[in-house]
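J.: Let me give you the structure first, and then I'll get to my questions.
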Amino acid sequence: PPPGALLFRAPLYSHVLTPSLRPRVCDHCLSRPSLWDHLPPAPALTRCARCKLPYYCGERCQRAAWKSGGHKAECKFLARVLPRVPPPLVLLLLRTLAREARDPSGEEVPGGGRRRLEDLVTHREEVQATEQRREAFSAFLPVFKACVAELYGREQLFLAYCRLIVNGTELTDAMGNSVGTALSLGLSALDHSCSPNCNVVFLGGGVEVRALPGLEVGWQEARINYVSTVLPREERRKILSSQYYFQCQCDLCSRENGHDLTAGAALCTSCKAAVSVSSENCGCGAPVAAEARIAGAFL
């Protein structure tokens, strides 16, 4: 496919906005009216009068969110727990399970077939063995109970929790700023590469995957980047291993020679490793020069 070709488009399966940005981003269409500072001041978003959590860019989006069943399912328990507000991950998990209950058939993906929530990998054993994630889930359990009582069993909640932290993705606005976390069943089917051949764009409450130069076949060979491209190899590997539980074997990570210098990385003159210019020191202990942090120069 030529660069820019559309490979996949679908509404997000579930999403949650960063709490501080809720008053500025529509919880239904995800538009951010105040983003364009060269335009006249946009009208303020309106907040749900009952639960006082989501904001909408207008009555049309508010009605659409209610009619779809998304907000209707959660408004009652959000109002009940006021003034407390569930943490973003708890709200995302409850939204995900509510979406599955409304439509367990999942969504179509390129190449035929459907992808359901149950098809997403869980890495259950690895998550259970990760102390920070295990303790976070235990801390969330009383919040789940306060919101939905015994509607979901512990195991069902834990599996959904595992699927979200492994398959969830950063939600960005039109300028690439992070505004929350989302789950897309189709997007979660794509593997990682530190040299991706696809680009991900969030638009109008949905997600698009478009081809970049280098994609020769199509969906089966499509790859996206799970981590920031400015990170050196070892930092990327560390994040991919701790958050997603795999060792990257892409071409960029598998090179025997070369220093894997990417945007925002510098070369340590002591150990010859790549290091993020935002770091104070290389892994070997050598300091990152001030010029490197400012201009991306070598150490």
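By convention in this document, the chains of the structure tokens carry letters A, B, ... by their order, each chain's residues are numbered from 1, and ligands are numbered from 1 in the order they are shown.
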Need to verify the contact set: Ser20 of chain A, 10 Å, only C-alpha atoms, exclusion of same-chain residues closer than 4 positions in sequence. Can you return it as a short mmCIF file (atom, residue, chain, number, x, y, z; two decimals) with C-alpha atoms, in the first residue's frame?
T.:
data_model
loop_
_atom_site.label_atom_id
_atom_site.label_comp_id
_atom_site.auth_asym_id
_atom_site.auth_seq_id
_atom_site.Cartn_x
_atom_site.Cartn_y
_atom_site.Cartn_z
CA ARG A 24 -11.33 20.63 27.97
CA VAL A 25 -12.00 17.42 26.02
CA VAL A 179 -5.16 13.21 26.79
CA GLY A 180 -5.91 9.79 28.27
#
J.: For Pro11 of chain A, please output as a list in words all residues within 9 Å (counting only C-alpha atoms; exclusion window: fewer than 6 positions along the same chain).
T.: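 Close residues of Pro11 of chain A: Ser184, Gly204, Gly205, Gly206, Val207 and Glu208 of chain A.
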J.: May I have all residues of segment 111-192 of chain A that DSSP, computed from the backbone, assigns to strand (DSSP E or B), given as a ChimeraX atom specification?
T.: /A:114-115,169-172,178-183,191-192
J.: Write out as a Markdown table a residue-level contact list of segment 35-107 of chain A versus segment 144-151 of chain A with cut-off 8 Å: for each qualifying residue the closest pair of atoms and the distance in Å to one decimal, counting only C-alpha atoms, rows sorted by chain and residue number upward.
T.:
| residue | atom | partner | partner_atom | distance |
| --- | --- | --- | --- | --- |
| A:Phe77 | CA | A:Cys147 | CA | 5.3 |
| A:Leu78 | CA | A:Cys147 | CA | 7.0 |
| A:Arg80 | CA | A:Cys147 | CA | 7.8 |
| A:Val81 | CA | A:Cys147 | CA | 6.8 |
| A:Val90 | CA | A:Phe144 | CA | 7.1 |
J.: Write a file of the just-selected residues containing N, CA, C and O atoms, as an mmCIF file, in the first residue's frame.
T.:
data_model
loop_
_atom_site.group_PDB
_atom_site.id
_atom_site.type_symbol
_atom_site.label_atom_id
_atom_site.label_comp_id
_atom_site.auth_asym_id
_atom_site.auth_seq_id
_atom_site.Cartn_x
_atom_site.Cartn_y
_atom_site.Cartn_z
ATOM 1 N N PHE A 77 -23.838 4.988 39.111
ATOM 2 C CA PHE A 77 -22.894 4.686 40.198
ATOM 3 C C PHE A 77 -21.897 5.835 40.389
ATOM 4 O O PHE A 77 -21.419 6.058 41.505
ATOM 5 N N LEU A 78 -21.589 6.598 39.340
ATOM 6 C CA LEU A 78 -20.718 7.757 39.527
ATOM 7 C C LEU A 78 -21.385 8.798 40.413
ATOM 8 O O LEU A 78 -20.733 9.425 41.254
ATOM 9 N N ARG A 80 -23.616 8.101 42.670
ATOM 10 C CA ARG A 80 -23.750 7.528 44.008
ATOM 11 C C ARG A 80 -22.486 7.685 44.839
ATOM 12 O O ARG A 80 -22.558 7.866 46.067
ATOM 13 N N VAL A 81 -21.315 7.619 44.211
ATOM 14 C CA VAL A 81 -20.066 7.681 44.978
ATOM 15 C C VAL A 81 -19.547 9.102 45.146
ATOM 16 O O VAL A 81 -18.514 9.308 45.781
ATOM 17 N N VAL A 90 -9.671 2.428 36.949
ATOM 18 C CA VAL A 90 -10.895 1.772 37.402
ATOM 19 C C VAL A 90 -12.054 2.139 36.487
ATOM 20 O O VAL A 90 -12.843 1.274 36.070
#
J.: Got a sec: who's within 8 Å of Ala286 of chain A, counting only C-alpha atoms, leaving out chain neighbours fewer than 5 positions off, as JSON, numbers by chain?
T.: {"A": [268, 270, 281]}
J.: What does the distance between atom CA of Cys75 of chain A and atom CA of Leu21 of chain A come to in Å, to one decimal place?
T.: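 Interatomic distance, atom CA of Cys75 of chain A to atom CA of Leu21 of chain A: 19.1 Å.
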J.: List every residue of segment 124-191 of chain A that has an atom at most 9 Å from any atom of segment 115-118 of chain A, giving for each one its closest atom pair and the distance in Å to one decimal, counting only C-alpha atoms, sorted by chain and then by ascending residue number, as CSV.
T.:
residue,atom,partner,partner_atom,distance
A:Ala160,CA,A:Leu117,CA,8.5
A:Arg163,CA,A:Leu117,CA,8.1
A:Leu185,CA,A:Arg115,CA,6.3
A:Gly186,CA,A:Arg115,CA,7.0
A:Ala189,CA,A:Arg115,CA,8.4
J.: Would you pick out the contacts of Phe158 of chain A at 12 Å or less, using only C-alpha atoms, so that residues sharing its chain but fewer than 6 positions from it are not included, and give the list as a list in words?
T.: Val90, Leu93, Leu94, Leu97, Thr122, His123, Arg124, Glu125, Val127, Gln128, Arg133, Arg134, Glu135, Ala136, Phe137, Ser138, Phe140, Leu141, Phe144, Tyr152, Leu164 and Ile165 of chain A
J.: Atom CA of Pro83 of chain A and atom CA of Cys57 of chain A are how many Å apart?
T.: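 About the pair atom CA of Pro83 of chain A and atom CA of Cys57 of chain A: they are 23.2 Å apart.
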